[in-house]
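Undergrad: Sharing a structure with you now.
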Amino acid sequence: MQRVFLILFFSLCLWAEDESFITQFEYGRMLYENPRGIGCVSCHGLEGEGREIAIYHNKKGMQILSGGVINNLDYSQFASTLKKGTRVMPRYYLEDSEIRAIHLYLKEMRDFKASSR
Ligand code: HEC
């Protein structure tokens, strides 16, 4: 009887481990969609393809503020802008591993789209 319990216990452990396992890709997506509460998604689009954030007027006339395309950048450019922050974009203080995961997610989404065309 004890044996059965032991076996049951270990298979439950294995199952639980399996459930909590996420890939770099999934981790990247999670971060991209909701880092520190302000998702990159809202300014750069679902897959980093860029999107308009706001339209406003100033002395020069109508202006469009957009979050640029960010799924085609090499890692060093991607990371350096993120670490500095920009005029508009908040600074996130992400870890290198988090930046890598987001970069990988965007790249894989882009490659997937390209290959399924
Ligand atoms: C509030 C809107 C906003 C959010 C949220 C935001 N960004 Fe940005 N991002 C911008 C804007 C706007 C720019 C263009 C530079 C500028 O004008 O400030 C930019 C620029 C960038 C660049 C540089 C693009 C280039 O061509 O060099 C990268 C990389 C980037 N964002 C990644 C991210 C990631 C990753 C996240 C989430 C962690 C994020 N951004 C969240 C607005 C945003």
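Letters for chains follow the order of the structure tokens (A, B, ...), residue numbers begin at 1 for each chain, and ligand numbers begin at 1 in the order shown.
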Counting only C-alpha atoms and all ligand atoms, which protein, DNA or RNA residues come within 7 Å of ligand 1, given as a short mmCIF file (atom, residue, chain, number, x, y, z; two decimals) with all heavy atoms, in the first residue's frame?
TA:
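Final output, pocket.cif:
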```
data_model
loop_
_atom_site.label_atom_id
_atom_site.label_comp_id
_atom_site.auth_asym_id
_atom_site.auth_seq_id
_atom_site.Cartn_x
_atom_site.Cartn_y
_atom_site.Cartn_z
N TYR A 32 6.62 40.19 -22.78
CA TYR A 32 6.28 41.18 -23.79
C TYR A 32 4.89 41.74 -23.56
O TYR A 32 4.64 42.92 -23.73
CB TYR A 32 6.38 40.56 -25.19
CG TYR A 32 6.09 41.56 -26.29
CD1 TYR A 32 6.98 42.59 -26.55
CD2 TYR A 32 4.92 41.49 -27.04
CE1 TYR A 32 6.71 43.53 -27.53
CE2 TYR A 32 4.65 42.42 -28.02
CZ TYR A 32 5.55 43.44 -28.26
OH TYR A 32 5.27 44.38 -29.23
N PRO A 35 5.05 43.47 -19.05
CA PRO A 35 6.19 43.69 -18.17
C PRO A 35 5.89 44.82 -17.21
O PRO A 35 5.46 45.90 -17.63
CB PRO A 35 7.32 44.09 -19.12
CG PRO A 35 6.63 44.65 -20.30
CD PRO A 35 5.21 44.16 -20.32
N ILE A 38 3.02 47.46 -17.69
CA ILE A 38 2.76 48.24 -18.91
C ILE A 38 3.27 47.46 -20.10
O ILE A 38 4.47 47.44 -20.37
CB ILE A 38 3.49 49.60 -18.91
CG1 ILE A 38 3.40 50.26 -17.54
CG2 ILE A 38 2.92 50.51 -20.00
CD1 ILE A 38 4.33 51.44 -17.41
N GLY A 39 2.38 46.77 -20.79
CA GLY A 39 2.80 45.88 -21.84
C GLY A 39 3.42 46.61 -23.02
O GLY A 39 2.93 47.65 -23.42
N CYS A 40 4.47 46.02 -23.55
CA CYS A 40 5.07 46.54 -24.79
C CYS A 40 4.00 46.53 -25.88
O CYS A 40 4.00 47.38 -26.78
CB CYS A 40 6.21 45.64 -25.24
SG CYS A 40 7.24 44.96 -23.93
N VAL A 41 3.11 45.53 -25.77
CA VAL A 41 2.02 45.35 -26.71
C VAL A 41 1.26 46.64 -27.00
O VAL A 41 0.97 46.95 -28.15
CB VAL A 41 1.02 44.31 -26.13
CG1 VAL A 41 -0.31 44.36 -26.80
CG2 VAL A 41 1.60 42.93 -26.21
N SER A 42 0.99 47.42 -25.94
CA SER A 42 0.13 48.58 -26.15
C SER A 42 0.79 49.64 -27.03
O SER A 42 0.10 50.43 -27.64
CB SER A 42 -0.32 49.18 -24.82
OG SER A 42 0.71 49.14 -23.89
N CYS A 43 2.10 49.64 -27.12
CA CYS A 43 2.75 50.64 -27.97
C CYS A 43 3.42 50.04 -29.21
O CYS A 43 3.64 50.74 -30.19
CB CYS A 43 3.79 51.42 -27.19
SG CYS A 43 3.07 52.43 -25.90
N HIS A 44 3.78 48.77 -29.17
CA HIS A 44 4.51 48.21 -30.31
C HIS A 44 3.73 47.15 -31.06
O HIS A 44 4.27 46.51 -31.96
CB HIS A 44 5.85 47.62 -29.85
CG HIS A 44 6.83 48.66 -29.38
ND1 HIS A 44 7.50 49.50 -30.23
CD2 HIS A 44 7.22 49.01 -28.13
CE1 HIS A 44 8.29 50.31 -29.52
NE2 HIS A 44 8.12 50.04 -28.24
N LEU A 65 2.25 59.88 -33.11
CA LEU A 65 3.25 59.26 -32.24
C LEU A 65 3.11 57.75 -32.40
O LEU A 65 2.03 57.20 -32.20
CB LEU A 65 2.99 59.66 -30.79
CG LEU A 65 3.90 58.97 -29.77
CD1 LEU A 65 5.33 59.45 -29.92
CD2 LEU A 65 3.39 59.23 -28.36
N SER A 66 4.19 57.11 -32.80
CA SER A 66 4.05 55.66 -32.91
C SER A 66 5.19 54.92 -32.23
O SER A 66 6.30 55.43 -32.09
CB SER A 66 3.94 55.24 -34.38
OG SER A 66 4.90 55.90 -35.15
N GLY A 67 4.85 53.74 -31.77
CA GLY A 67 5.86 52.82 -31.23
C GLY A 67 6.35 52.04 -32.43
O GLY A 67 5.58 51.42 -33.14
N GLY A 68 7.61 52.13 -32.69
CA GLY A 68 8.15 51.61 -33.93
C GLY A 68 8.14 50.10 -34.05
O GLY A 68 7.74 49.39 -33.12
N VAL A 69 8.58 49.65 -35.21
CA VAL A 69 8.76 48.22 -35.46
C VAL A 69 9.96 47.76 -34.62
O VAL A 69 11.03 48.34 -34.71
CB VAL A 69 9.09 47.98 -36.94
CG1 VAL A 69 9.30 46.50 -37.21
CG2 VAL A 69 8.00 48.55 -37.82
N ILE A 70 9.77 46.75 -33.82
CA ILE A 70 10.89 46.30 -32.98
C ILE A 70 11.17 44.81 -33.13
O ILE A 70 11.88 44.22 -32.34
CB ILE A 70 10.66 46.61 -31.48
CG1 ILE A 70 9.34 46.02 -30.99
CG2 ILE A 70 10.71 48.10 -31.21
CD1 ILE A 70 9.24 45.95 -29.49
N GLN A 77 21.08 46.43 -30.32
CA GLN A 77 20.28 47.65 -30.47
C GLN A 77 19.04 47.57 -29.59
O GLN A 77 18.66 48.51 -28.90
CB GLN A 77 19.88 47.83 -31.94
CG GLN A 77 19.30 49.20 -32.22
CD GLN A 77 18.75 49.31 -33.65
OE1 GLN A 77 18.99 48.43 -34.48
NE2 GLN A 77 18.01 50.36 -33.91
N PHE A 78 18.41 46.41 -29.64
CA PHE A 78 17.19 46.17 -28.87
C PHE A 78 17.46 46.42 -27.38
O PHE A 78 16.75 47.17 -26.71
CB PHE A 78 16.78 44.71 -29.10
CG PHE A 78 15.44 44.35 -28.53
CD1 PHE A 78 14.28 44.67 -29.21
CD2 PHE A 78 15.35 43.67 -27.32
CE1 PHE A 78 13.04 44.30 -28.69
CE2 PHE A 78 14.12 43.32 -26.80
CZ PHE A 78 12.96 43.63 -27.49
N ALA A 79 18.52 45.80 -26.88
CA ALA A 79 18.82 45.89 -25.46
C ALA A 79 19.27 47.29 -25.05
O ALA A 79 18.86 47.79 -24.01
CB ALA A 79 19.90 44.87 -25.10
N THR A 81 18.55 50.29 -26.28
CA THR A 81 17.44 51.24 -26.17
C THR A 81 16.59 50.95 -24.93
O THR A 81 16.19 51.85 -24.21
CB THR A 81 16.52 51.18 -27.40
OG1 THR A 81 17.31 51.20 -28.56
CG2 THR A 81 15.54 52.34 -27.42
N LEU A 82 16.36 49.67 -24.71
CA LEU A 82 15.53 49.29 -23.56
C LEU A 82 16.16 49.70 -22.24
O LEU A 82 15.48 50.09 -21.31
CB LEU A 82 15.31 47.79 -23.56
CG LEU A 82 14.01 47.33 -24.20
CD1 LEU A 82 13.95 45.83 -24.20
CD2 LEU A 82 12.81 47.91 -23.48
N THR A 86 13.49 55.81 -23.49
CA THR A 86 13.46 56.86 -24.52
C THR A 86 12.58 58.00 -24.02
O THR A 86 12.04 57.94 -22.92
CB THR A 86 12.88 56.36 -25.85
OG1 THR A 86 11.48 56.18 -25.70
CG2 THR A 86 13.52 55.05 -26.29
N ARG A 87 12.43 58.97 -24.88
CA ARG A 87 11.61 60.14 -24.56
C ARG A 87 10.20 59.70 -24.13
O ARG A 87 9.63 60.22 -23.18
CB ARG A 87 11.51 60.98 -25.84
CG ARG A 87 11.26 62.43 -25.68
CD ARG A 87 11.56 63.14 -27.01
NE ARG A 87 11.19 62.33 -28.18
CZ ARG A 87 10.00 62.39 -28.77
NH1 ARG A 87 9.07 63.18 -28.32
NH2 ARG A 87 9.76 61.65 -29.84
N VAL A 88 9.67 58.73 -24.83
CA VAL A 88 8.29 58.32 -24.59
C VAL A 88 8.19 57.02 -23.80
O VAL A 88 7.39 56.87 -22.89
CB VAL A 88 7.56 58.12 -25.94
CG1 VAL A 88 6.15 57.61 -25.72
CG2 VAL A 88 7.56 59.40 -26.74
N MET A 89 9.04 56.10 -24.16
CA MET A 89 8.92 54.76 -23.59
C MET A 89 9.40 54.74 -22.14
O MET A 89 10.44 55.29 -21.82
CB MET A 89 9.75 53.78 -24.42
CG MET A 89 9.69 52.37 -23.94
SD MET A 89 10.29 51.24 -25.20
CE MET A 89 12.00 51.69 -25.31
N PRO A 90 8.64 54.11 -21.28
CA PRO A 90 9.08 54.01 -19.89
C PRO A 90 10.34 53.17 -19.77
O PRO A 90 10.62 52.34 -20.63
CB PRO A 90 7.91 53.31 -19.20
CG PRO A 90 7.04 52.75 -20.25
CD PRO A 90 7.36 53.44 -21.54
N TYR A 92 12.15 50.17 -17.98
CA TYR A 92 11.60 49.01 -17.28
C TYR A 92 12.54 48.34 -16.28
O TYR A 92 12.12 47.53 -15.49
CB TYR A 92 11.16 47.95 -18.28
CG TYR A 92 9.93 48.32 -19.06
CD1 TYR A 92 10.03 48.85 -20.33
CD2 TYR A 92 8.67 48.15 -18.50
CE1 TYR A 92 8.89 49.19 -21.03
CE2 TYR A 92 7.54 48.48 -19.20
CZ TYR A 92 7.66 49.01 -20.47
OH TYR A 92 6.54 49.34 -21.16
N ILE A 102 12.35 38.34 -24.43
CA ILE A 102 11.44 39.16 -25.24
C ILE A 102 11.96 39.23 -26.68
O ILE A 102 11.20 39.05 -27.64
CB ILE A 102 11.30 40.59 -24.67
CG1 ILE A 102 10.68 40.56 -23.28
CG2 ILE A 102 10.44 41.45 -25.60
CD1 ILE A 102 10.63 41.92 -22.60
#
```
Undergrad: So that I can check the secondary structure, give me every residue of chain A assigned helix (DSSP H, G or I) by backbone DSSP, as a PyMOL selection string.
TA: chain A and resi 2-20+24-33+35-37+41-44+75-84+96-115
Undergrad: To one decimal place, how far is CA of Arg110 (chain A) from CA of Arg36 (chain A) in Å?
TA: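 Computing the Euclidean distance for CA of Arg110 (chain A) and CA of Arg36 (chain A) yields 23.9 Å.
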Undergrad: Residues of region 13-104 of chain A in strand (DSSP E) according to DSSP, as a list in words?
TA: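 Checking each residue of region 13-104 of chain A, the strand (DSSP E) ones are Arg51, Glu52, Ile53, Ala54, Ile55, Tyr56, His57, Asn58, Gly61, Met62, Gln63, Ile64, Leu65, Ser66 and Gly67 of chain A.
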Undergrad: Now that the selection is made, can you save its residues with C-alpha atoms as an mmCIF file, in the first residue's frame?
TA:
```cif
data_model
loop_
_atom_site.group_PDB
_atom_site.id
_atom_site.type_symbol
_atom_site.label_atom_id
_atom_site.label_comp_id
_atom_site.auth_asym_id
_atom_site.auth_seq_id
_atom_site.Cartn_x
_atom_site.Cartn_y
_atom_site.Cartn_z
ATOM 1 C CA ARG A 51 1.532 50.751 -34.125
ATOM 2 C CA GLU A 52 0.181 54.249 -33.694
ATOM 3 C CA ILE A 53 -0.105 55.340 -30.103
ATOM 4 C CA ALA A 54 -1.597 58.789 -30.481
ATOM 5 C CA ILE A 55 -2.396 61.544 -32.944
ATOM 6 C CA TYR A 56 -1.965 65.120 -31.799
ATOM 7 C CA HIS A 57 -1.487 68.634 -33.126
ATOM 8 C CA ASN A 58 1.316 71.036 -32.502
ATOM 9 C CA GLY A 61 0.477 70.436 -37.638
ATOM 10 C CA MET A 62 -0.786 66.937 -37.157
ATOM 11 C CA GLN A 63 1.666 64.540 -35.573
ATOM 12 C CA ILE A 64 1.490 60.822 -35.168
ATOM 13 C CA LEU A 65 3.250 59.259 -32.244
ATOM 14 C CA SER A 66 4.054 55.660 -32.910
ATOM 15 C CA GLY A 67 5.855 52.820 -31.233
#
```
Undergrad: If you count only C-alpha atoms, which residues fall within 7 Å of Tyr93 (chain A), apart from same-chain ones fewer than 2 positions away, as a ChimeraX atom specification?
TA: /A:83,91,95
Undergrad: Please report the interatomic distance between CA of Asn71 (chain A) and CA of Gly48 (chain A) in Å with one decimal.
TA: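 So the answer is 5.0 Å.
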